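> Let me give you the structure first, and then I'll get to my questions.
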Amino acid sequence: MINRQGPRSYDLWGVPFDGGSTLGRPGSRYAPDRIRQALGWITQRVQDGRIYSLESDTVFDIGDDLLRDRGDAPVTGHDLAATTDACSAVVAESLRAGRVPIVLGGDDALLFPVARGVHDAVEGRVGIIHFDAHLDLLDHNPHQGKFSQSSGMRRSLELARISAADCVQVGSRHFNFPASGEFKHTHGLSHITAGEFQALGPAQAARQILDHVSGADHLFLSFDIDAIDPAYAPGSGAHEPGGLTSGEALEVVRLLAPHCTAMALTEVNPMVDLHDATTTLAAYLLFHFAVFGCRPAPRLEHH
């Protein structure tokens with residue numbers, strides 16, 4: 001497994017598409033712009049290419065090109081296939097340029113095209129760390145088809161160099177399709193439920209996650225915002241009580257960031273958000289991913 005210590009630079013891509021929202025609430029097409037607005041509240045604290053982290057009591061020298069906003073991928077609102085192709089293309093473009101893509105959805109049908117973009121751009125085994133309340137292992141049904149927000153993980157596992165042995169699902173809870181549970185057990189796909197995560201705590205959970213995916217050469221962090229409890233992230237496509245807290249999510253992303261080649265952040269829905277709580281949390285998640293995945297930081301000198 002690759003554990004780069006930096007420096008790395010990141011490309012921020014919006015994919016304002018929710019045509020795969022066949023269950024739950026549409027509206028995540030509006031998330032990229034709102035998350036960008038919230039991100040400005042954080043990045044205005046950067047001074048001379050440096051930012052101070054209170055949690056680690058360190059100053060990060062992030063430079064002037066840590067996080068480059070590449071705008072939105074060319075979305076076709078009525079065409080799922082064209083949009084997913086465009087999403088895969090921008091992910092692969094960033095990776096081939098030696099940068100780390102961060103994709104802002106949009107709904108979680110984007111899990112598959114981001115995974116495919118990583119798969120197309122790199123060599124070796126690709127693992128997925130999939131934070132989600134749901135399994136996303138549905139194969140097909142008449143209502144949702146084959147490429148909905150419920151099937152992204154299933155489609156990703158059909159790619160040649162992505163196998164269940166290199167993937168782990170985190171934050172799952174409550175109920176799902178029996179066929180999805182059967183697929184998970186048949187293929188040996190590991191999971192850490194939300195309750196198990198909370199019992200472990202973020203640090204131990206991160207160690208278990210990395211152990212599960214230790215055979216992969218590249219890791220894609222897919223983060224559906226509904227992995228977080230709706231008390232902390234009310235603006236999501238679906239509410240599943242009992243999820244991670246915002247603090248747990250931020251810490252585990254911080255710990256996983258240095259190991260990951262790409263990130264997708266999906267299902268943020270500004271249409272049902274409360275005072276931008278969820279879009280603000282999403283902005284912090286992506287900024288933690290970039291800063292803590294960039295390079296080691298020196299400790300502050302105390303006088």
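Simple scheme: letters A, B, ... for chains in structure tokens order, numbers from 1 for residues in each chain, numbers from 1 for ligands in the order shown.
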Out of segment 120-173 of chain A, which residues get helix (DSSP H, G or I) from DSSP, as an MDAnalysis selection string?

chainID A and resid 120:121 152:156 164:166

> May I have the residues from that selection written out with all heavy atoms, as a PDB file, in the first residue's frame?


ATOM      1  N   ASP A 120      -8.346   3.455 -14.182  1.00  0.00           N
ATOM      2  CA  ASP A 120      -7.823   3.681 -15.529  1.00  0.00           C
ATOM      3  C   ASP A 120      -6.475   4.397 -15.528  1.00  0.00           C
ATOM      4  O   ASP A 120      -5.701   4.268 -16.481  1.00  0.00           O
ATOM      5  CB  ASP A 120      -8.811   4.501 -16.352  1.00  0.00           C
ATOM      6  CG  ASP A 120     -10.077   3.738 -16.712  1.00  0.00           C
ATOM      7  OD1 ASP A 120     -10.111   2.509 -16.494  1.00  0.00           O
ATOM      8  OD2 ASP A 120     -11.036   4.378 -17.194  1.00  0.00           O
ATOM      9  N   ALA A 121      -6.199   5.153 -14.470  1.00  0.00           N
ATOM     10  CA  ALA A 121      -5.029   6.029 -14.471  1.00  0.00           C
ATOM     11  C   ALA A 121      -3.806   5.441 -13.772  1.00  0.00           C
ATOM     12  O   ALA A 121      -2.705   5.954 -13.945  1.00  0.00           O
ATOM     13  CB  ALA A 121      -5.381   7.369 -13.826  1.00  0.00           C
ATOM     14  N   GLY A 152     -23.067   1.596  -6.783  1.00  0.00           N
ATOM     15  CA  GLY A 152     -21.713   2.047  -7.100  1.00  0.00           C
ATOM     16  C   GLY A 152     -20.627   1.096  -6.668  1.00  0.00           C
ATOM     17  O   GLY A 152     -19.644   0.871  -7.391  1.00  0.00           O
ATOM     18  N   MET A 153     -20.770   0.504  -5.495  1.00  0.00           N
ATOM     19  CA  MET A 153     -19.744  -0.424  -5.021  1.00  0.00           C
ATOM     20  C   MET A 153     -19.781  -1.724  -5.833  1.00  0.00           C
ATOM     21  O   MET A 153     -18.740  -2.293  -6.172  1.00  0.00           O
ATOM     22  CB  MET A 153     -19.944  -0.704  -3.531  1.00  0.00           C
ATOM     23  CG  MET A 153     -18.766  -1.373  -2.875  1.00  0.00           C
ATOM     24  SD  MET A 153     -17.329  -0.284  -2.826  1.00  0.00           S
ATOM     25  CE  MET A 153     -16.160  -1.345  -1.986  1.00  0.00           C
ATOM     26  N   ARG A 154     -20.969  -2.183  -6.168  1.00  0.00           N
ATOM     27  CA  ARG A 154     -21.112  -3.415  -6.965  1.00  0.00           C
ATOM     28  C   ARG A 154     -20.429  -3.235  -8.322  1.00  0.00           C
ATOM     29  O   ARG A 154     -19.660  -4.099  -8.760  1.00  0.00           O
ATOM     30  CB  ARG A 154     -22.596  -3.735  -7.139  1.00  0.00           C
ATOM     31  CG  ARG A 154     -22.918  -4.976  -7.961  1.00  0.00           C
ATOM     32  CD  ARG A 154     -22.541  -6.257  -7.231  1.00  0.00           C
ATOM     33  NE  ARG A 154     -23.057  -7.428  -7.915  1.00  0.00           N
ATOM     34  CZ  ARG A 154     -24.134  -8.105  -7.533  1.00  0.00           C
ATOM     35  NH1 ARG A 154     -24.822  -7.719  -6.474  1.00  0.00           N
ATOM     36  NH2 ARG A 154     -24.529  -9.173  -8.193  1.00  0.00           N
ATOM     37  N   ARG A 155     -20.699  -2.127  -8.981  1.00  0.00           N
ATOM     38  CA  ARG A 155     -20.086  -1.884 -10.294  1.00  0.00           C
ATOM     39  C   ARG A 155     -18.567  -1.724 -10.171  1.00  0.00           C
ATOM     40  O   ARG A 155     -17.820  -2.198 -11.037  1.00  0.00           O
ATOM     41  CB  ARG A 155     -20.680  -0.644 -10.940  1.00  0.00           C
ATOM     42  CG  ARG A 155     -22.177  -0.669 -11.191  1.00  0.00           C
ATOM     43  CD  ARG A 155     -22.560  -1.522 -12.409  1.00  0.00           C
ATOM     44  NE  ARG A 155     -22.620  -2.942 -12.120  1.00  0.00           N
ATOM     45  CZ  ARG A 155     -23.692  -3.568 -11.625  1.00  0.00           C
ATOM     46  NH1 ARG A 155     -24.800  -2.881 -11.339  1.00  0.00           N
ATOM     47  NH2 ARG A 155     -23.668  -4.863 -11.411  1.00  0.00           N
ATOM     48  N   SER A 156     -18.102  -1.093  -9.115  1.00  0.00           N
ATOM     49  CA  SER A 156     -16.662  -0.891  -8.935  1.00  0.00           C
ATOM     50  C   SER A 156     -15.939  -2.221  -8.784  1.00  0.00           C
ATOM     51  O   SER A 156     -14.819  -2.396  -9.279  1.00  0.00           O
ATOM     52  CB  SER A 156     -16.397  -0.008  -7.718  1.00  0.00           C
ATOM     53  OG  SER A 156     -16.958   1.277  -7.885  1.00  0.00           O
ATOM     54  N   ALA A 164     -12.814  -7.379  -3.709  1.00  0.00           N
ATOM     55  CA  ALA A 164     -13.348  -7.232  -2.355  1.00  0.00           C
ATOM     56  C   ALA A 164     -12.259  -7.367  -1.301  1.00  0.00           C
ATOM     57  O   ALA A 164     -12.340  -6.749  -0.238  1.00  0.00           O
ATOM     58  CB  ALA A 164     -14.439  -8.271  -2.117  1.00  0.00           C
ATOM     59  N   ALA A 165     -11.209  -8.120  -1.596  1.00  0.00           N
ATOM     60  CA  ALA A 165     -10.127  -8.306  -0.631  1.00  0.00           C
ATOM     61  C   ALA A 165      -9.400  -7.010  -0.321  1.00  0.00           C
ATOM     62  O   ALA A 165      -8.759  -6.891   0.729  1.00  0.00           O
ATOM     63  CB  ALA A 165      -9.132  -9.335  -1.167  1.00  0.00           C
ATOM     64  N   ASP A 166      -9.501  -6.018  -1.212  1.00  0.00           N
ATOM     65  CA  ASP A 166      -8.802  -4.744  -1.033  1.00  0.00           C
ATOM     66  C   ASP A 166      -9.756  -3.608  -0.658  1.00  0.00           C
ATOM     67  O   ASP A 166      -9.388  -2.437  -0.757  1.00  0.00           O
ATOM     68  CB  ASP A 166      -8.057  -4.369  -2.322  1.00  0.00           C
ATOM     69  CG  ASP A 166      -6.935  -5.342  -2.649  1.00  0.00           C
ATOM     70  OD1 ASP A 166      -6.329  -5.876  -1.702  1.00  0.00           O
ATOM     71  OD2 ASP A 166      -6.678  -5.562  -3.848  1.00  0.00           O
TER      72      ASP A 166
END

> Which polymer residues have any atom within 9 Å of an atom of segment 42-49 of chain A, counting only C-alpha atoms, with same-chain residues fewer than 3 positions away left out, as a PyMOL selection string?

chain A and resi 38-39+52+60-66+283-284+287

> Output the selection as a short mmCIF file (atom, residue, chain, number, x, y, z; two decimals), in the first residue's frame - N, CA, C and O atoms for each residue.


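Done, and the output landed in selection_1.cif:
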data_model
loop_
_atom_site.label_atom_id
_atom_site.label_comp_id
_atom_site.auth_asym_id
_atom_site.auth_seq_id
_atom_site.Cartn_x
_atom_site.Cartn_y
_atom_site.Cartn_z
N ALA A 38 -18.44 27.36 1.54
CA ALA A 38 -18.05 27.05 2.91
C ALA A 38 -16.54 26.90 3.02
O ALA A 38 -15.95 27.25 4.05
N LEU A 39 -15.91 26.38 1.98
CA LEU A 39 -14.46 26.20 2.00
C LEU A 39 -13.73 27.54 2.15
O LEU A 39 -12.67 27.61 2.78
N TYR A 52 -2.27 26.81 10.49
CA TYR A 52 -2.04 26.22 11.81
C TYR A 52 -3.19 25.30 12.17
O TYR A 52 -4.36 25.69 12.11
N PHE A 60 1.32 23.79 9.11
CA PHE A 60 1.50 23.09 7.85
C PHE A 60 1.91 24.09 6.78
O PHE A 60 1.21 25.08 6.54
N ASP A 61 3.04 23.81 6.16
CA ASP A 61 3.49 24.61 5.03
C ASP A 61 2.85 24.03 3.78
O ASP A 61 3.37 23.11 3.16
N ILE A 62 1.69 24.56 3.40
CA ILE A 62 0.91 23.97 2.32
C ILE A 62 1.17 24.63 0.97
O ILE A 62 0.68 24.16 -0.06
N GLY A 63 1.91 25.76 0.96
CA GLY A 63 2.25 26.40 -0.30
C GLY A 63 1.06 27.10 -0.93
O GLY A 63 0.01 27.30 -0.32
N ASP A 64 1.23 27.44 -2.20
CA ASP A 64 0.20 28.21 -2.92
C ASP A 64 -0.64 27.35 -3.85
O ASP A 64 -1.53 27.88 -4.52
N ASP A 65 -0.35 26.05 -3.92
CA ASP A 65 -1.05 25.21 -4.88
C ASP A 65 -1.52 23.90 -4.25
O ASP A 65 -1.57 22.86 -4.91
N LEU A 66 -1.85 23.94 -2.97
CA LEU A 66 -2.33 22.72 -2.31
C LEU A 66 -3.62 22.24 -2.95
O LEU A 66 -3.76 21.05 -3.26
N ALA A 283 -16.91 20.73 3.70
CA ALA A 283 -15.73 21.53 3.39
C ALA A 283 -14.58 21.21 4.33
O ALA A 283 -13.42 21.13 3.91
N TYR A 284 -14.87 21.02 5.60
CA TYR A 284 -13.83 20.66 6.56
C TYR A 284 -13.28 19.27 6.27
O TYR A 284 -12.07 19.02 6.41
N PHE A 287 -10.89 19.58 3.33
CA PHE A 287 -9.69 20.33 3.66
C PHE A 287 -8.78 19.53 4.60
O PHE A 287 -7.56 19.55 4.47
#

> Find the residues near segment 128-136 of chain A: any atom within 6 Å, counting only C-alpha atoms, skip ones fewer than 5 places away on the same chain, and give them as number ranges by chain.

A: 150-153, 167-173, 219-224, 226-227

> Could you write out the selected residues, including N, CA, C and O atoms, as a PDB file, in the first residue's frame?


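Result written to result25.pdb:
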ATOM      1  N   SER A 150     -27.393   3.187  -5.530  1.00  0.00           N
ATOM      2  CA  SER A 150     -27.403   1.952  -4.746  1.00  0.00           C
ATOM      3  C   SER A 150     -26.478   0.879  -5.295  1.00  0.00           C
ATOM      4  O   SER A 150     -26.400  -0.215  -4.722  1.00  0.00           O
ATOM      5  N   SER A 151     -25.764   1.158  -6.398  1.00  0.00           N
ATOM      6  CA  SER A 151     -24.990   0.101  -7.043  1.00  0.00           C
ATOM      7  C   SER A 151     -23.529   0.462  -7.292  1.00  0.00           C
ATOM      8  O   SER A 151     -22.811  -0.313  -7.932  1.00  0.00           O
ATOM      9  N   GLY A 152     -23.067   1.596  -6.783  1.00  0.00           N
ATOM     10  CA  GLY A 152     -21.713   2.047  -7.100  1.00  0.00           C
ATOM     11  C   GLY A 152     -20.627   1.096  -6.668  1.00  0.00           C
ATOM     12  O   GLY A 152     -19.644   0.871  -7.391  1.00  0.00           O
ATOM     13  N   MET A 153     -20.770   0.504  -5.495  1.00  0.00           N
ATOM     14  CA  MET A 153     -19.744  -0.424  -5.021  1.00  0.00           C
ATOM     15  C   MET A 153     -19.781  -1.724  -5.833  1.00  0.00           C
ATOM     16  O   MET A 153     -18.740  -2.293  -6.172  1.00  0.00           O
ATOM     17  N   CYS A 167     -10.966  -3.943  -0.245  1.00  0.00           N
ATOM     18  CA  CYS A 167     -11.981  -2.926   0.054  1.00  0.00           C
ATOM     19  C   CYS A 167     -12.560  -3.136   1.446  1.00  0.00           C
ATOM     20  O   CYS A 167     -12.560  -4.242   1.973  1.00  0.00           O
ATOM     21  N   VAL A 168     -13.080  -2.060   2.009  1.00  0.00           N
ATOM     22  CA  VAL A 168     -13.762  -2.138   3.292  1.00  0.00           C
ATOM     23  C   VAL A 168     -14.857  -1.086   3.326  1.00  0.00           C
ATOM     24  O   VAL A 168     -14.689   0.020   2.803  1.00  0.00           O
ATOM     25  N   GLN A 169     -15.989  -1.448   3.910  1.00  0.00           N
ATOM     26  CA  GLN A 169     -17.117  -0.531   4.053  1.00  0.00           C
ATOM     27  C   GLN A 169     -17.232  -0.122   5.515  1.00  0.00           C
ATOM     28  O   GLN A 169     -17.146  -0.961   6.417  1.00  0.00           O
ATOM     29  N   VAL A 170     -17.450   1.172   5.743  1.00  0.00           N
ATOM     30  CA  VAL A 170     -17.402   1.725   7.094  1.00  0.00           C
ATOM     31  C   VAL A 170     -18.636   2.599   7.334  1.00  0.00           C
ATOM     32  O   VAL A 170     -18.982   3.433   6.493  1.00  0.00           O
ATOM     33  N   GLY A 171     -19.258   2.404   8.490  1.00  0.00           N
ATOM     34  CA  GLY A 171     -20.390   3.244   8.876  1.00  0.00           C
ATOM     35  C   GLY A 171     -21.740   2.684   8.517  1.00  0.00           C
ATOM     36  O   GLY A 171     -22.762   3.327   8.746  1.00  0.00           O
ATOM     37  N   SER A 172     -21.773   1.465   7.972  1.00  0.00           N
ATOM     38  CA  SER A 172     -23.035   0.856   7.565  1.00  0.00           C
ATOM     39  C   SER A 172     -23.894   0.558   8.790  1.00  0.00           C
ATOM     40  O   SER A 172     -23.391   0.278   9.885  1.00  0.00           O
ATOM     41  N   ARG A 173     -25.206   0.590   8.583  1.00  0.00           N
ATOM     42  CA  ARG A 173     -26.107   0.368   9.721  1.00  0.00           C
ATOM     43  C   ARG A 173     -27.545   0.097   9.249  1.00  0.00           C
ATOM     44  O   ARG A 173     -27.888   0.353   8.102  1.00  0.00           O
ATOM     45  N   LEU A 219      -5.370   3.612  -2.924  1.00  0.00           N
ATOM     46  CA  LEU A 219      -6.618   3.632  -2.177  1.00  0.00           C
ATOM     47  C   LEU A 219      -7.475   4.822  -2.584  1.00  0.00           C
ATOM     48  O   LEU A 219      -6.988   5.955  -2.675  1.00  0.00           O
ATOM     49  N   PHE A 220      -8.743   4.552  -2.795  1.00  0.00           N
ATOM     50  CA  PHE A 220      -9.751   5.569  -3.092  1.00  0.00           C
ATOM     51  C   PHE A 220     -10.660   5.681  -1.879  1.00  0.00           C
ATOM     52  O   PHE A 220     -11.261   4.695  -1.455  1.00  0.00           O
ATOM     53  N   LEU A 221     -10.745   6.884  -1.313  1.00  0.00           N
ATOM     54  CA  LEU A 221     -11.623   7.144  -0.168  1.00  0.00           C
ATOM     55  C   LEU A 221     -12.940   7.693  -0.681  1.00  0.00           C
ATOM     56  O   LEU A 221     -13.012   8.819  -1.179  1.00  0.00           O
ATOM     57  N   SER A 222     -13.991   6.893  -0.593  1.00  0.00           N
ATOM     58  CA  SER A 222     -15.325   7.291  -1.010  1.00  0.00           C
ATOM     59  C   SER A 222     -16.143   7.594   0.241  1.00  0.00           C
ATOM     60  O   SER A 222     -16.346   6.719   1.081  1.00  0.00           O
ATOM     61  N   PHE A 223     -16.607   8.842   0.358  1.00  0.00           N
ATOM     62  CA  PHE A 223     -17.278   9.256   1.591  1.00  0.00           C
ATOM     63  C   PHE A 223     -18.675   9.790   1.271  1.00  0.00           C
ATOM     64  O   PHE A 223     -18.838  10.928   0.816  1.00  0.00           O
ATOM     65  N   ASP A 224     -19.672   8.955   1.492  1.00  0.00           N
ATOM     66  CA  ASP A 224     -21.068   9.380   1.432  1.00  0.00           C
ATOM     67  C   ASP A 224     -21.386  10.055   2.761  1.00  0.00           C
ATOM     68  O   ASP A 224     -21.175   9.472   3.834  1.00  0.00           O
ATOM     69  N   ASP A 226     -23.900  10.438   4.397  1.00  0.00           N
ATOM     70  CA  ASP A 226     -24.832   9.796   5.329  1.00  0.00           C
ATOM     71  C   ASP A 226     -24.155   8.759   6.214  1.00  0.00           C
ATOM     72  O   ASP A 226     -24.805   8.159   7.072  1.00  0.00           O
ATOM     73  N   ALA A 227     -22.837   8.559   6.052  1.00  0.00           N
ATOM     74  CA  ALA A 227     -22.100   7.795   7.056  1.00  0.00           C
ATOM     75  C   ALA A 227     -22.125   8.518   8.398  1.00  0.00           C
ATOM     76  O   ALA A 227     -21.985   7.895   9.455  1.00  0.00           O
TER      77      ALA A 227
END

> Need the shell around Val126 of chain A: protein/DNA/RNA residues with any atom at most 9 Å away, counting only C-alpha atoms. Skip same-chain ones fewer than 5 positions apart. Format as a PyMOL selection string?

chain A and resi 115+118-119+161-163+166-167+215-220

> For Thr76 of chain A, please output as a list in words all residues within 10 Å (counting only C-alpha atoms; exclusion window: fewer than 4 positions along the same chain).

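Near neighbours after the sequence-gap exclusion: Pro16, Phe17, Gly19, Leu80, Ala81, Ala82, Thr83, Thr84 and Ala86 of chain A.
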
> Keeping N, CA and C atoms for every residue in the selection just given, could you write it to a file as an mmCIF file, in the first residue's frame?


data_model
loop_
_atom_site.group_PDB
_atom_site.id
_atom_site.type_symbol
_atom_site.label_atom_id
_atom_site.label_comp_id
_atom_site.auth_asym_id
_atom_site.auth_seq_id
_atom_site.Cartn_x
_atom_site.Cartn_y
_atom_site.Cartn_z
ATOM 1 N N PRO A 16 -21.872 18.285 -10.391
ATOM 2 C CA PRO A 16 -23.209 18.661 -9.918
ATOM 3 C C PRO A 16 -24.306 17.862 -10.615
ATOM 4 N N PHE A 17 -24.443 16.625 -10.205
ATOM 5 C CA PHE A 17 -25.352 15.682 -10.852
ATOM 6 C C PHE A 17 -26.044 14.841 -9.795
ATOM 7 N N GLY A 19 -28.763 12.707 -10.994
ATOM 8 C CA GLY A 19 -29.632 11.856 -11.795
ATOM 9 C C GLY A 19 -29.616 10.406 -11.378
ATOM 10 N N LEU A 80 -26.937 9.920 -17.759
ATOM 11 C CA LEU A 80 -26.108 9.329 -16.712
ATOM 12 C C LEU A 80 -24.799 8.797 -17.280
ATOM 13 N N ALA A 81 -24.840 8.128 -18.427
ATOM 14 C CA ALA A 81 -23.633 7.532 -18.991
ATOM 15 C C ALA A 81 -22.623 8.605 -19.376
ATOM 16 N N ALA A 82 -23.086 9.680 -20.031
ATOM 17 C CA ALA A 82 -22.170 10.750 -20.429
ATOM 18 C C ALA A 82 -21.559 11.423 -19.214
ATOM 19 N N THR A 83 -22.360 11.599 -18.178
ATOM 20 C CA THR A 83 -21.859 12.253 -16.971
ATOM 21 C C THR A 83 -20.846 11.380 -16.248
ATOM 22 N N THR A 84 -21.126 10.091 -16.133
ATOM 23 C CA THR A 84 -20.159 9.221 -15.456
ATOM 24 C C THR A 84 -18.867 9.101 -16.263
ATOM 25 N N ALA A 86 -17.605 11.503 -18.073
ATOM 26 C CA ALA A 86 -16.904 12.774 -17.823
ATOM 27 C C ALA A 86 -16.251 12.772 -16.454
#
